[in-house]
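File shown: work-v2.pdb. Contents: PDB, C-alpha atoms.
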```
MODEL        1
ATOM      1  CA  MET O 191       7.515  16.060  15.031  1.00  0.00           C
ATOM      2  CA  GLN O 192      10.096  13.390  14.366  1.00  0.00           C
ATOM      3  CA  ARG O 193       9.292  11.664  11.079  1.00  0.00           C
ATOM      4  CA  PRO O 194      11.026   9.841   8.226  1.00  0.00           C
ATOM      5  CA  ILE O 195      12.497  11.730   5.281  1.00  0.00           C
ATOM      6  CA  THR O 196      10.009  11.122   2.477  1.00  0.00           C
ATOM      7  CA  THR O 197      10.640  10.760  -1.250  1.00  0.00           C
ATOM      8  CA  LEU O 198       7.849  10.594  -3.808  1.00  0.00           C
ATOM      9  CA  PHE O 199       9.150   8.167  -6.436  1.00  0.00           C
ATOM     10  CA  MET O 200       6.989   7.615  -9.518  1.00  0.00           C
ATOM     11  CA  LEU O 201       6.968   6.667 -13.168  1.00  0.00           C
ATOM     12  CA  MET O 202       4.956   9.194 -15.159  1.00  0.00           C
ATOM     13  CA  SER O 203       4.279  10.218 -18.738  1.00  0.00           C
ATOM     14  CA  ALA O 204       5.578  13.498 -20.129  1.00  0.00           C
ATOM     15  CA  ASP O 205       2.176  15.055 -19.383  1.00  0.00           C
ATOM     16  CA  GLY O 206       2.189  13.938 -15.757  1.00  0.00           C
ATOM     17  CA  LYS O 207      -0.064  10.880 -15.967  1.00  0.00           C
ATOM     18  CA  ILE O 208       0.650   7.827 -13.804  1.00  0.00           C
ATOM     19  CA  SER O 209      -1.631   5.398 -15.624  1.00  0.00           C
ATOM     20  CA  THR O 210      -2.474   4.651 -19.243  1.00  0.00           C
ATOM     21  CA  GLY O 211      -6.127   5.498 -18.671  1.00  0.00           C
ATOM     22  CA  ALA O 212      -8.979   6.003 -16.226  1.00  0.00           C
ATOM     23  CA  ALA O 213     -10.079   2.354 -15.960  1.00  0.00           C
ATOM     24  CA  ASP O 214      -8.570  -0.095 -13.464  1.00  0.00           C
ATOM     25  CA  ALA O 215      -7.802  -2.436 -16.385  1.00  0.00           C
ATOM     26  CA  LEU O 216      -5.243   0.124 -17.627  1.00  0.00           C
ATOM     27  CA  ASP O 217      -1.880   0.388 -15.884  1.00  0.00           C
ATOM     28  CA  PHE O 218       1.707   1.338 -16.790  1.00  0.00           C
ATOM     29  CA  ASP O 219       3.144  -1.945 -15.468  1.00  0.00           C
ATOM     30  CA  GLN O 220       0.789  -3.996 -17.613  1.00  0.00           C
ATOM     31  CA  ASP O 221       0.590  -1.800 -20.698  1.00  0.00           C
ATOM     32  CA  PHE O 222       4.040  -0.293 -21.287  1.00  0.00           C
ATOM     33  CA  PRO O 223       5.687  -3.706 -21.916  1.00  0.00           C
ATOM     34  CA  GLN O 224       3.291  -4.137 -24.858  1.00  0.00           C
ATOM     35  CA  ILE O 225       3.987  -0.762 -26.519  1.00  0.00           C
ATOM     36  CA  ALA O 226       6.897  -0.247 -28.913  1.00  0.00           C
ATOM     37  CA  GLY O 227       8.836   2.890 -27.998  1.00  0.00           C
ATOM     38  CA  LEU O 228       8.033   2.461 -24.289  1.00  0.00           C
ATOM     39  CA  ARG O 229       8.902  -1.141 -23.479  1.00  0.00           C
ATOM     40  CA  GLU O 230      12.541  -0.743 -24.509  1.00  0.00           C
ATOM     41  CA  GLY O 231      13.398   1.774 -21.782  1.00  0.00           C
ATOM     42  CA  LEU O 232      11.018   0.564 -19.078  1.00  0.00           C
ATOM     43  CA  PRO O 233      13.518  -1.786 -17.314  1.00  0.00           C
ATOM     44  CA  GLN O 234      15.503   1.292 -16.256  1.00  0.00           C
ATOM     45  CA  TYR O 235      12.629   2.343 -14.013  1.00  0.00           C
ATOM     46  CA  TYR O 236      12.598  -1.001 -12.229  1.00  0.00           C
ATOM     47  CA  GLU O 237      16.383  -0.894 -11.844  1.00  0.00           C
ATOM     48  CA  ILE O 238      16.141   2.518 -10.173  1.00  0.00           C
ATOM     49  CA  GLU O 239      13.242   1.305  -8.017  1.00  0.00           C
ATOM     50  CA  GLN O 240      15.522  -1.356  -6.540  1.00  0.00           C
ATOM     51  CA  THR O 241      17.734   1.407  -5.128  1.00  0.00           C
ATOM     52  CA  THR O 242      14.967   3.256  -3.254  1.00  0.00           C
ATOM     53  CA  ASP O 243      14.404   3.237   0.514  1.00  0.00           C
ATOM     54  CA  LEU O 244      13.859   0.048   2.501  1.00  0.00           C
ATOM     55  CA  TRP O 245      10.499   1.395   3.687  1.00  0.00           C
ATOM     56  CA  SER O 246       7.894   1.855   0.954  1.00  0.00           C
ATOM     57  CA  LEU O 247       4.420   3.376   1.236  1.00  0.00           C
ATOM     58  CA  ASN O 248       1.637   2.301  -1.105  1.00  0.00           C
ATOM     59  CA  SER O 249      -2.158   2.395  -1.188  1.00  0.00           C
ATOM     60  CA  GLY O 250      -4.309  -0.695  -0.978  1.00  0.00           C
ATOM     61  CA  ARG O 251      -6.235   0.494  -4.010  1.00  0.00           C
ATOM     62  CA  VAL O 252      -3.131   0.551  -6.206  1.00  0.00           C
ATOM     63  CA  GLN O 253      -1.961  -2.844  -4.930  1.00  0.00           C
ATOM     64  CA  ALA O 254      -5.387  -4.395  -5.489  1.00  0.00           C
ATOM     65  CA  LYS O 255      -5.405  -2.931  -9.003  1.00  0.00           C
ATOM     66  CA  ILE O 256      -2.153  -4.708  -9.872  1.00  0.00           C
ATOM     67  CA  GLY O 257      -3.351  -8.027  -8.483  1.00  0.00           C
ATOM     68  CA  ALA O 258      -2.144  -8.401  -4.880  1.00  0.00           C
ATOM     69  CA  ASN O 259      -5.407 -10.135  -3.966  1.00  0.00           C
ATOM     70  CA  GLN O 260      -4.777 -12.891  -6.526  1.00  0.00           C
ATOM     71  CA  LYS O 261      -1.005 -13.218  -6.879  1.00  0.00           C
ATOM     72  CA  PRO O 262       0.802 -16.340  -5.639  1.00  0.00           C
ATOM     73  CA  MET O 263       2.789 -15.915  -2.458  1.00  0.00           C
ATOM     74  CA  PRO O 264       6.100 -14.141  -3.164  1.00  0.00           C
ATOM     75  CA  GLU O 265       9.566 -14.565  -1.761  1.00  0.00           C
ATOM     76  CA  LYS O 266      10.676 -12.352   1.106  1.00  0.00           C
ATOM     77  CA  THR O 267      12.294  -9.042   0.091  1.00  0.00           C
ATOM     78  CA  PRO O 268      14.462  -6.640   2.132  1.00  0.00           C
ATOM     79  CA  VAL O 269      11.688  -4.019   1.985  1.00  0.00           C
ATOM     80  CA  SER O 270       9.150  -3.116   4.676  1.00  0.00           C
ATOM     81  CA  PHE O 271       5.789  -1.822   3.481  1.00  0.00           C
ATOM     82  CA  VAL O 272       3.193   0.655   4.703  1.00  0.00           C
ATOM     83  CA  LEU O 273      -0.202   0.150   3.074  1.00  0.00           C
ATOM     84  CA  ILE O 274      -2.976   2.699   3.521  1.00  0.00           C
ATOM     85  CA  ASP O 275      -6.221   0.850   2.937  1.00  0.00           C
ATOM     86  CA  ASN O 276      -9.821   0.662   4.089  1.00  0.00           C
ATOM     87  CA  HIS O 277     -11.436  -1.930   1.850  1.00  0.00           C
ATOM     88  CA  HIS O 278      -9.426  -2.782  -1.272  1.00  0.00           C
ATOM     89  CA  LEU O 279      -7.151  -5.456   0.169  1.00  0.00           C
ATOM     90  CA  GLN O 280      -8.608  -8.866   0.890  1.00  0.00           C
ATOM     91  CA  GLU O 281      -7.158 -11.386   3.330  1.00  0.00           C
ATOM     92  CA  HIS O 282      -5.053 -12.932   0.550  1.00  0.00           C
ATOM     93  CA  GLY O 283      -3.619  -9.516  -0.296  1.00  0.00           C
ATOM     94  CA  VAL O 284      -2.647  -8.943   3.336  1.00  0.00           C
ATOM     95  CA  ARG O 285      -0.979 -12.369   3.513  1.00  0.00           C
ATOM     96  CA  TYR O 286       0.767 -11.673   0.210  1.00  0.00           C
ATOM     97  CA  PHE O 287       2.408  -8.568   1.681  1.00  0.00           C
ATOM     98  CA  CYS O 288       3.231 -10.341   4.944  1.00  0.00           C
ATOM     99  CA  ALA O 289       5.146 -12.912   2.878  1.00  0.00           C
ATOM    100  CA  ARG O 290       6.861 -10.184   0.844  1.00  0.00           C
ATOM    101  CA  SER O 291       7.738  -7.721   3.628  1.00  0.00           C
ATOM    102  CA  GLN O 292      10.214  -7.506   6.453  1.00  0.00           C
ATOM    103  CA  GLN O 293       7.598  -5.517   8.378  1.00  0.00           C
ATOM    104  CA  LEU O 294       4.083  -4.681   7.181  1.00  0.00           C
ATOM    105  CA  LEU O 295       2.074  -1.785   8.605  1.00  0.00           C
ATOM    106  CA  ILE O 296      -1.571  -1.532   7.556  1.00  0.00           C
ATOM    107  CA  VAL O 297      -3.011   1.939   8.186  1.00  0.00           C
ATOM    108  CA  THR O 298      -6.805   1.901   8.181  1.00  0.00           C
ATOM    109  CA  SER O 299      -9.906   3.555   9.585  1.00  0.00           C
ATOM    110  CA  ASN O 300     -11.918   0.359   9.024  1.00  0.00           C
ATOM    111  CA  PRO O 301     -12.226  -1.625  12.289  1.00  0.00           C
ATOM    112  CA  HIS O 302     -13.369  -4.632  10.240  1.00  0.00           C
ATOM    113  CA  HIS O 303     -10.430  -4.652   7.829  1.00  0.00           C
ATOM    114  CA  PRO O 304      -9.386  -8.205   6.808  1.00  0.00           C
ATOM    115  CA  ALA O 305      -5.960  -7.577   8.330  1.00  0.00           C
ATOM    116  CA  PHE O 306      -7.486  -7.986  11.794  1.00  0.00           C
ATOM    117  CA  GLY O 307      -8.139 -11.634  10.948  1.00  0.00           C
ATOM    118  CA  VAL O 308      -4.524 -12.337   9.974  1.00  0.00           C
ATOM    119  CA  CYS O 309      -1.974 -13.448  12.558  1.00  0.00           C
ATOM    120  CA  GLU O 310       1.582 -12.967  11.305  1.00  0.00           C
ATOM    121  CA  PRO O 311       4.564 -11.850  13.396  1.00  0.00           C
ATOM    122  CA  ASN O 312       5.516  -9.061  10.972  1.00  0.00           C
ATOM    123  CA  LEU O 313       1.981  -7.629  10.606  1.00  0.00           C
ATOM    124  CA  HIS O 314       1.138  -4.416  12.444  1.00  0.00           C
ATOM    125  CA  ILE O 315      -2.076  -2.386  12.218  1.00  0.00           C
ATOM    126  CA  LEU O 316      -2.536   1.317  12.901  1.00  0.00           C
ATOM    127  CA  LEU O 317      -6.256   2.002  13.326  1.00  0.00           C
ATOM    128  CA  GLN O 318      -7.138   5.682  12.956  1.00  0.00           C
ATOM    129  CA  GLU O 319     -10.523   7.379  13.233  1.00  0.00           C
ATOM    130  CA  ARG O 320      -9.603   9.173  10.003  1.00  0.00           C
ATOM    131  CA  LEU O 321      -6.392   9.133   7.995  1.00  0.00           C
ATOM    132  CA  ASP O 322      -3.745  11.188   9.782  1.00  0.00           C
ATOM    133  CA  LEU O 323      -0.484  11.160   7.807  1.00  0.00           C
ATOM    134  CA  ARG O 324       1.443  13.062  10.472  1.00  0.00           C
ATOM    135  CA  GLU O 325       0.491  10.572  13.164  1.00  0.00           C
ATOM    136  CA  MET O 326       1.352   7.706  10.826  1.00  0.00           C
ATOM    137  CA  LEU O 327       4.821   9.113  10.052  1.00  0.00           C
ATOM    138  CA  ALA O 328       5.518   9.747  13.734  1.00  0.00           C
ATOM    139  CA  HIS O 329       4.426   6.165  14.479  1.00  0.00           C
ATOM    140  CA  LEU O 330       6.856   4.838  11.859  1.00  0.00           C
ATOM    141  CA  ALA O 331       9.729   6.791  13.343  1.00  0.00           C
ATOM    142  CA  GLU O 332       8.964   5.959  16.975  1.00  0.00           C
ATOM    143  CA  LYS O 333       7.842   2.324  16.751  1.00  0.00           C
ATOM    144  CA  PHE O 334       9.973   1.075  13.859  1.00  0.00           C
ATOM    145  CA  GLY O 335      12.929   3.447  13.710  1.00  0.00           C
ATOM    146  CA  CYS O 336      12.043   4.310  10.112  1.00  0.00           C
ATOM    147  CA  ARG O 337      14.324   7.103   8.906  1.00  0.00           C
ATOM    148  CA  ARG O 338      13.582   7.214   5.169  1.00  0.00           C
ATOM    149  CA  LEU O 339      10.356   6.368   3.343  1.00  0.00           C
ATOM    150  CA  THR O 340       9.615   6.095  -0.377  1.00  0.00           C
ATOM    151  CA  VAL O 341       6.057   7.061  -1.336  1.00  0.00           C
ATOM    152  CA  GLN O 342       4.664   5.207  -4.372  1.00  0.00           C
ATOM    153  CA  SER O 343       0.931   5.674  -4.152  1.00  0.00           C
ATOM    154  CA  GLY O 344      -1.880   7.027  -6.276  1.00  0.00           C
ATOM    155  CA  GLY O 345      -2.432  10.662  -7.171  1.00  0.00           C
ATOM    156  CA  THR O 346      -4.981  11.348  -4.429  1.00  0.00           C
ATOM    157  CA  LEU O 347      -2.728  10.142  -1.629  1.00  0.00           C
ATOM    158  CA  ASN O 348       0.250  11.931  -3.205  1.00  0.00           C
ATOM    159  CA  GLY O 349      -1.866  15.069  -3.100  1.00  0.00           C
ATOM    160  CA  LEU O 350      -2.472  14.665   0.635  1.00  0.00           C
ATOM    161  CA  PHE O 351       1.272  14.403   1.265  1.00  0.00           C
ATOM    162  CA  LEU O 352       1.814  17.552  -0.811  1.00  0.00           C
ATOM    163  CA  ARG O 353      -0.897  19.672   0.826  1.00  0.00           C
ATOM    164  CA  GLU O 354       0.278  18.685   4.320  1.00  0.00           C
ATOM    165  CA  LYS O 355       3.893  19.575   3.456  1.00  0.00           C
ATOM    166  CA  LEU O 356       5.109  16.044   4.115  1.00  0.00           C
ATOM    167  CA  LEU O 357       7.237  15.509   1.007  1.00  0.00           C
ATOM    168  CA  ASP O 358      10.973  16.144   1.188  1.00  0.00           C
ATOM    169  CA  TYR O 359      12.074  14.918  -2.253  1.00  0.00           C
ATOM    170  CA  VAL O 360      10.476  14.062  -5.589  1.00  0.00           C
ATOM    171  CA  ASP O 361      12.211  11.489  -7.801  1.00  0.00           C
ATOM    172  CA  LEU O 362      10.575  11.037 -11.207  1.00  0.00           C
ATOM    173  CA  VAL O 363      11.211   8.725 -14.120  1.00  0.00           C
ATOM    174  CA  VAL O 364       9.552  10.305 -17.150  1.00  0.00           C
ATOM    175  CA  ALA O 365       8.437   8.016 -19.965  1.00  0.00           C
ATOM    176  CA  PRO O 366       8.382   9.351 -23.553  1.00  0.00           C
ATOM    177  CA  ALA O 367       4.605   9.272 -23.876  1.00  0.00           C
ATOM    178  CA  LEU O 368       1.600  11.567 -23.851  1.00  0.00           C
ATOM    179  CA  VAL O 369      -1.486   9.946 -22.326  1.00  0.00           C
ATOM    180  CA  GLY O 370      -3.998  12.742 -21.873  1.00  0.00           C
ATOM    181  CA  GLY O 371      -7.509  12.411 -20.517  1.00  0.00           C
ATOM    182  CA  ARG O 372      -9.093  14.582 -17.850  1.00  0.00           C
ATOM    183  CA  ASP O 373      -9.995  11.542 -15.739  1.00  0.00           C
ATOM    184  CA  THR O 374      -6.627   9.791 -16.027  1.00  0.00           C
ATOM    185  CA  ALA O 375      -4.718   9.782 -12.733  1.00  0.00           C
ATOM    186  CA  THR O 376      -1.898  12.316 -12.481  1.00  0.00           C
ATOM    187  CA  LEU O 377       1.116  12.567 -10.219  1.00  0.00           C
ATOM    188  CA  ILE O 378      -0.814  14.877  -7.868  1.00  0.00           C
ATOM    189  CA  ASP O 379      -4.595  14.560  -7.726  1.00  0.00           C
ATOM    190  CA  GLY O 380      -7.087  15.320  -4.977  1.00  0.00           C
ATOM    191  CA  GLU O 381      -8.602  18.654  -4.082  1.00  0.00           C
ATOM    192  CA  ALA O 382      -7.706  21.478  -6.469  1.00  0.00           C
ATOM    193  CA  LEU O 383      -6.782  25.023  -5.459  1.00  0.00           C
ATOM    194  CA  TYR O 384      -9.471  27.640  -5.950  1.00  0.00           C
ATOM    195  CA  SER O 385      -8.136  30.967  -4.707  1.00  0.00           C
ATOM    196  CA  PRO O 386      -4.880  32.964  -4.511  1.00  0.00           C
ATOM    197  CA  SER O 387      -4.958  32.506  -0.723  1.00  0.00           C
ATOM    198  CA  GLN O 388      -4.261  28.793  -1.253  1.00  0.00           C
ATOM    199  CA  LEU O 389      -1.051  29.287  -3.242  1.00  0.00           C
ATOM    200  CA  SER O 390       1.001  28.586  -0.116  1.00  0.00           C
ATOM    201  CA  GLN O 391      -0.037  24.938  -0.618  1.00  0.00           C
ATOM    202  CA  LEU O 392       2.039  24.678  -3.787  1.00  0.00           C
ATOM    203  CA  GLY O 393       5.091  22.440  -3.640  1.00  0.00           C
ATOM    204  CA  ILE O 394       8.151  24.462  -4.700  1.00  0.00           C
ATOM    205  CA  LEU O 395      10.955  22.308  -6.079  1.00  0.00           C
ATOM    206  CA  LYS O 396      14.705  22.728  -6.475  1.00  0.00           C
ATOM    207  CA  LEU O 397      16.245  20.541  -9.164  1.00  0.00           C
ATOM    208  CA  GLU O 398      19.033  18.351  -7.784  1.00  0.00           C
ATOM    209  CA  SER O 399      19.776  16.245 -10.854  1.00  0.00           C
ATOM    210  CA  ALA O 400      18.524  15.569 -14.358  1.00  0.00           C
ATOM    211  CA  GLU O 401      19.635  12.430 -16.133  1.00  0.00           C
ATOM    212  CA  VAL O 402      18.938  11.417 -19.720  1.00  0.00           C
ATOM    213  CA  LEU O 403      18.265   7.683 -19.723  1.00  0.00           C
ATOM    214  CA  ARG O 404      18.180   5.300 -22.658  1.00  0.00           C
ATOM    215  CA  ASP O 405      15.308   5.243 -25.152  1.00  0.00           C
ATOM    216  CA  SER O 406      14.226   8.849 -24.441  1.00  0.00           C
ATOM    217  CA  TYR O 407      13.419   8.276 -20.750  1.00  0.00           C
ATOM    218  CA  LEU O 408      14.451  10.908 -18.193  1.00  0.00           C
ATOM    219  CA  ARG O 409      15.113  10.882 -14.451  1.00  0.00           C
ATOM    220  CA  LEU O 410      14.480  14.107 -12.537  1.00  0.00           C
ATOM    221  CA  ARG O 411      15.241  14.480  -8.833  1.00  0.00           C
ATOM    222  CA  TYR O 412      14.041  17.503  -6.820  1.00  0.00           C
ATOM    223  CA  GLN O 413      14.210  18.709  -3.273  1.00  0.00           C
ATOM    224  CA  VAL O 414      10.911  20.108  -2.007  1.00  0.00           C
ATOM    225  CA  THR O 415      11.848  23.507  -0.595  1.00  0.00           C
ATOM    226  CA  SER O 416       8.413  24.649   0.569  1.00  0.00           C
TER     227      SER O 416
ENDMDL
END
```

Give the structure from this file in structure tokens form.
Amino acid sequence: MQRPITTLFMLMSADGKISTGAADALDFDQDFPQIAGLREGLPQYYEIEQTTDLWSLNSGRVQAKIGANQKPMPEKTPVSFVLIDNHHLQEHGVRYFCARSQQLLIVTSNPHHPAFGVCEPNLHILLQERLDLREMLAHLAEKFGCRRLTVQSGGTLNGLFLREKLLDYVDLVVAPALVGGRDTATLIDGEALYSPSQLSQLGILKLESAEVLRDSYLRLRYQVTS
């Protein structure tokens, strides 16, 4: 299968959390700027983010959580977006990403998704009976010529990429914080492993680089070898 090279790029705490808590009102982007010891080094993450691939994959849930359904219309960016969503994005959120994106692909199994009511030249919809990441990646390569894709989604979707062996690289910015909490989202969530026979589903990583950033932040880049 021809598909883009994928890189999971995330900001996480030292204990692997990707949010400050289990409620939608809690979020790194909103909370870290308010916390001494974290806000000072946070701009480095956004600087690195600007250097990631020109195709970016996100979930509608995450984008709704950070306000895409209410934000004013943005300026156009050089980035094209893939959003996996069934019901979190409203029509305004779809139009927001149309305004922001070079190309916007909505991947959904909801035939009544608000995106079907939006007519924009850069909006494309992939309707699937159920989420099929392999089909989606092949579609990106064939229809859009996408060669590299940055994945910045929630822990459950990250877990699907991992279990289906669809991650090529992992690029992490580690914040100097411990969040804790069993219900707080982690880098990889979703279905847990329950038997030794499932150990082949582990992602085995080879460290490519480790960089000490300012204010006790780290950047770790791995190749996924199996």

Report task. Record the distance separating CA of Thr415 in chain O and CA of Ser399 in chain O, expressed in Å with one decimal. Result ->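 Separating CA of Thr415 in chain O from CA of Ser399 in chain O is a distance of 14.9 Å.
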
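CA of Gly250 in chain O is positioned 26.9 Å from CA of Gln413 in chain O.
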
Requested in this report: Taking the file above as input, evaluate the PyMOL selection byres ((chain O and resi 261-275) around 9) and report the hits as JSON, numbers by chain.
Outcome: {"O": [243, 244, 245, 246, 247, 248, 249, 250, 251, 253, 257, 258, 259, 260, 276, 277, 278, 279, 282, 283, 285, 286, 287, 288, 289, 290, 291, 292, 293, 294, 295, 296, 297, 298, 299, 300, 303, 321]}

Dump C-alpha atoms for the selected residues as an mmCIF file, keeping the file's coordinate frame?
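Result saved to again02.cif:
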```
data_model
loop_
_atom_site.group_PDB
_atom_site.id
_atom_site.type_symbol
_atom_site.label_atom_id
_atom_site.label_comp_id
_atom_site.auth_asym_id
_atom_site.auth_seq_id
_atom_site.Cartn_x
_atom_site.Cartn_y
_atom_site.Cartn_z
ATOM 1 C CA ASP O 243 14.404 3.237 0.514
ATOM 2 C CA LEU O 244 13.859 0.048 2.501
ATOM 3 C CA TRP O 245 10.499 1.395 3.687
ATOM 4 C CA SER O 246 7.894 1.855 0.954
ATOM 5 C CA LEU O 247 4.420 3.376 1.236
ATOM 6 C CA ASN O 248 1.637 2.301 -1.105
ATOM 7 C CA SER O 249 -2.158 2.395 -1.188
ATOM 8 C CA GLY O 250 -4.309 -0.695 -0.978
ATOM 9 C CA ARG O 251 -6.235 0.494 -4.010
ATOM 10 C CA GLN O 253 -1.961 -2.844 -4.930
ATOM 11 C CA GLY O 257 -3.351 -8.027 -8.483
ATOM 12 C CA ALA O 258 -2.144 -8.401 -4.880
ATOM 13 C CA ASN O 259 -5.407 -10.135 -3.966
ATOM 14 C CA GLN O 260 -4.777 -12.891 -6.526
ATOM 15 C CA ASN O 276 -9.821 0.662 4.089
ATOM 16 C CA HIS O 277 -11.436 -1.930 1.850
ATOM 17 C CA HIS O 278 -9.426 -2.782 -1.272
ATOM 18 C CA LEU O 279 -7.151 -5.456 0.169
ATOM 19 C CA HIS O 282 -5.053 -12.932 0.550
ATOM 20 C CA GLY O 283 -3.619 -9.516 -0.296
ATOM 21 C CA ARG O 285 -0.979 -12.369 3.513
ATOM 22 C CA TYR O 286 0.767 -11.673 0.210
ATOM 23 C CA PHE O 287 2.408 -8.568 1.681
ATOM 24 C CA CYS O 288 3.231 -10.341 4.944
ATOM 25 C CA ALA O 289 5.146 -12.912 2.878
ATOM 26 C CA ARG O 290 6.861 -10.184 0.844
ATOM 27 C CA SER O 291 7.738 -7.721 3.628
ATOM 28 C CA GLN O 292 10.214 -7.506 6.453
ATOM 29 C CA GLN O 293 7.598 -5.517 8.378
ATOM 30 C CA LEU O 294 4.083 -4.681 7.181
ATOM 31 C CA LEU O 295 2.074 -1.785 8.605
ATOM 32 C CA ILE O 296 -1.571 -1.532 7.556
ATOM 33 C CA VAL O 297 -3.011 1.939 8.186
ATOM 34 C CA THR O 298 -6.805 1.901 8.181
ATOM 35 C CA SER O 299 -9.906 3.555 9.585
ATOM 36 C CA ASN O 300 -11.918 0.359 9.024
ATOM 37 C CA HIS O 303 -10.430 -4.652 7.829
ATOM 38 C CA LEU O 321 -6.392 9.133 7.995
#
```

Per residue of range 221-240 of chain O within 10 Å of range 403-406 of chain O, note the shortest atom pair and the distance in Å to one decimal, counting all atoms listed in the file, and order the rows by chain and increasing residue number, as JSON lines.
```
{"residue": "O:Gly227", "atom": "CA", "partner": "O:Asp405", "partner_atom": "CA", "distance": 7.5}
{"residue": "O:Leu228", "atom": "CA", "partner": "O:Asp405", "partner_atom": "CA", "distance": 7.8}
{"residue": "O:Arg229", "atom": "CA", "partner": "O:Asp405", "partner_atom": "CA", "distance": 9.2}
{"residue": "O:Glu230", "atom": "CA", "partner": "O:Asp405", "partner_atom": "CA", "distance": 6.6}
{"residue": "O:Gly231", "atom": "CA", "partner": "O:Asp405", "partner_atom": "CA", "distance": 5.2}
{"residue": "O:Leu232", "atom": "CA", "partner": "O:Asp405", "partner_atom": "CA", "distance": 8.8}
{"residue": "O:Gln234", "atom": "CA", "partner": "O:Leu403", "partner_atom": "CA", "distance": 7.8}
{"residue": "O:Tyr235", "atom": "CA", "partner": "O:Leu403", "partner_atom": "CA", "distance": 9.6}
```

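Applied to this file, the PyMOL selection byres ((chain O and resi 381) around 9) selects O:Thr346, O:Gly349, O:Leu350, O:Asp379, O:Gly380, O:Ala382, O:Leu383.
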
Name all residues at most 9 Å from range 366-369 of chain O (count only C-alpha atoms; drop same-chain ones fewer than 5 positions away) and give them as an mmCIF file with C-alpha atoms, keeping the file's coordinate frame.
```
data_model
loop_
_atom_site.group_PDB
_atom_site.id
_atom_site.type_symbol
_atom_site.label_atom_id
_atom_site.label_comp_id
_atom_site.auth_asym_id
_atom_site.auth_seq_id
_atom_site.Cartn_x
_atom_site.Cartn_y
_atom_site.Cartn_z
ATOM 1 C CA MET O 202 4.956 9.194 -15.159
ATOM 2 C CA SER O 203 4.279 10.218 -18.738
ATOM 3 C CA ALA O 204 5.578 13.498 -20.129
ATOM 4 C CA ASP O 205 2.176 15.055 -19.383
ATOM 5 C CA GLY O 206 2.189 13.938 -15.757
ATOM 6 C CA LYS O 207 -0.064 10.880 -15.967
ATOM 7 C CA SER O 209 -1.631 5.398 -15.624
ATOM 8 C CA THR O 210 -2.474 4.651 -19.243
ATOM 9 C CA GLY O 211 -6.127 5.498 -18.671
ATOM 10 C CA GLY O 227 8.836 2.890 -27.998
ATOM 11 C CA LEU O 228 8.033 2.461 -24.289
ATOM 12 C CA THR O 374 -6.627 9.791 -16.027
ATOM 13 C CA ASP O 405 15.308 5.243 -25.152
ATOM 14 C CA SER O 406 14.226 8.849 -24.441
ATOM 15 C CA TYR O 407 13.419 8.276 -20.750
ATOM 16 C CA LEU O 408 14.451 10.908 -18.193
#
```

Requested in this report: Might you pull out every residue within 8 Å of Pro304 in chain O, with only C-alpha atoms counted and same-chain residues fewer than 3 positions away left off, and present them as a PyMOL selection string?
Outcome: chain O and resi 279-281+284+307-308

Report task. Could you expand the PyMOL selection byres ((chain O and resi 397) around 9) into the explicit residues it covers here, written as a PyMOL selection string? Result -> chain O and resi 395-396+398-400+410-414

Query raised in the report: Rounded to one decimal in Å, what is the spacing between CA of Gly393 in chain O and CA of Leu317 in chain O?
Result: 28.9 Å

Padding 5 Å on every side, please: axis-aligned box over the listed atoms of range 310-315 of chain O, centre and edge lengths to one decimal in Å, as AutoDock Vina command-line options.
```
--center_x 1.7 --center_y -7.7 --center_z 12.0 --size_x 17.6 --size_y 20.6 --size_z 12.8
```

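The residue that comes closest to Asp358 in chain O, out of O:Ser416, O:Met191, O:Gly371, O:Thr241 and on the basis of only C-alpha atoms, is O:Ser416.
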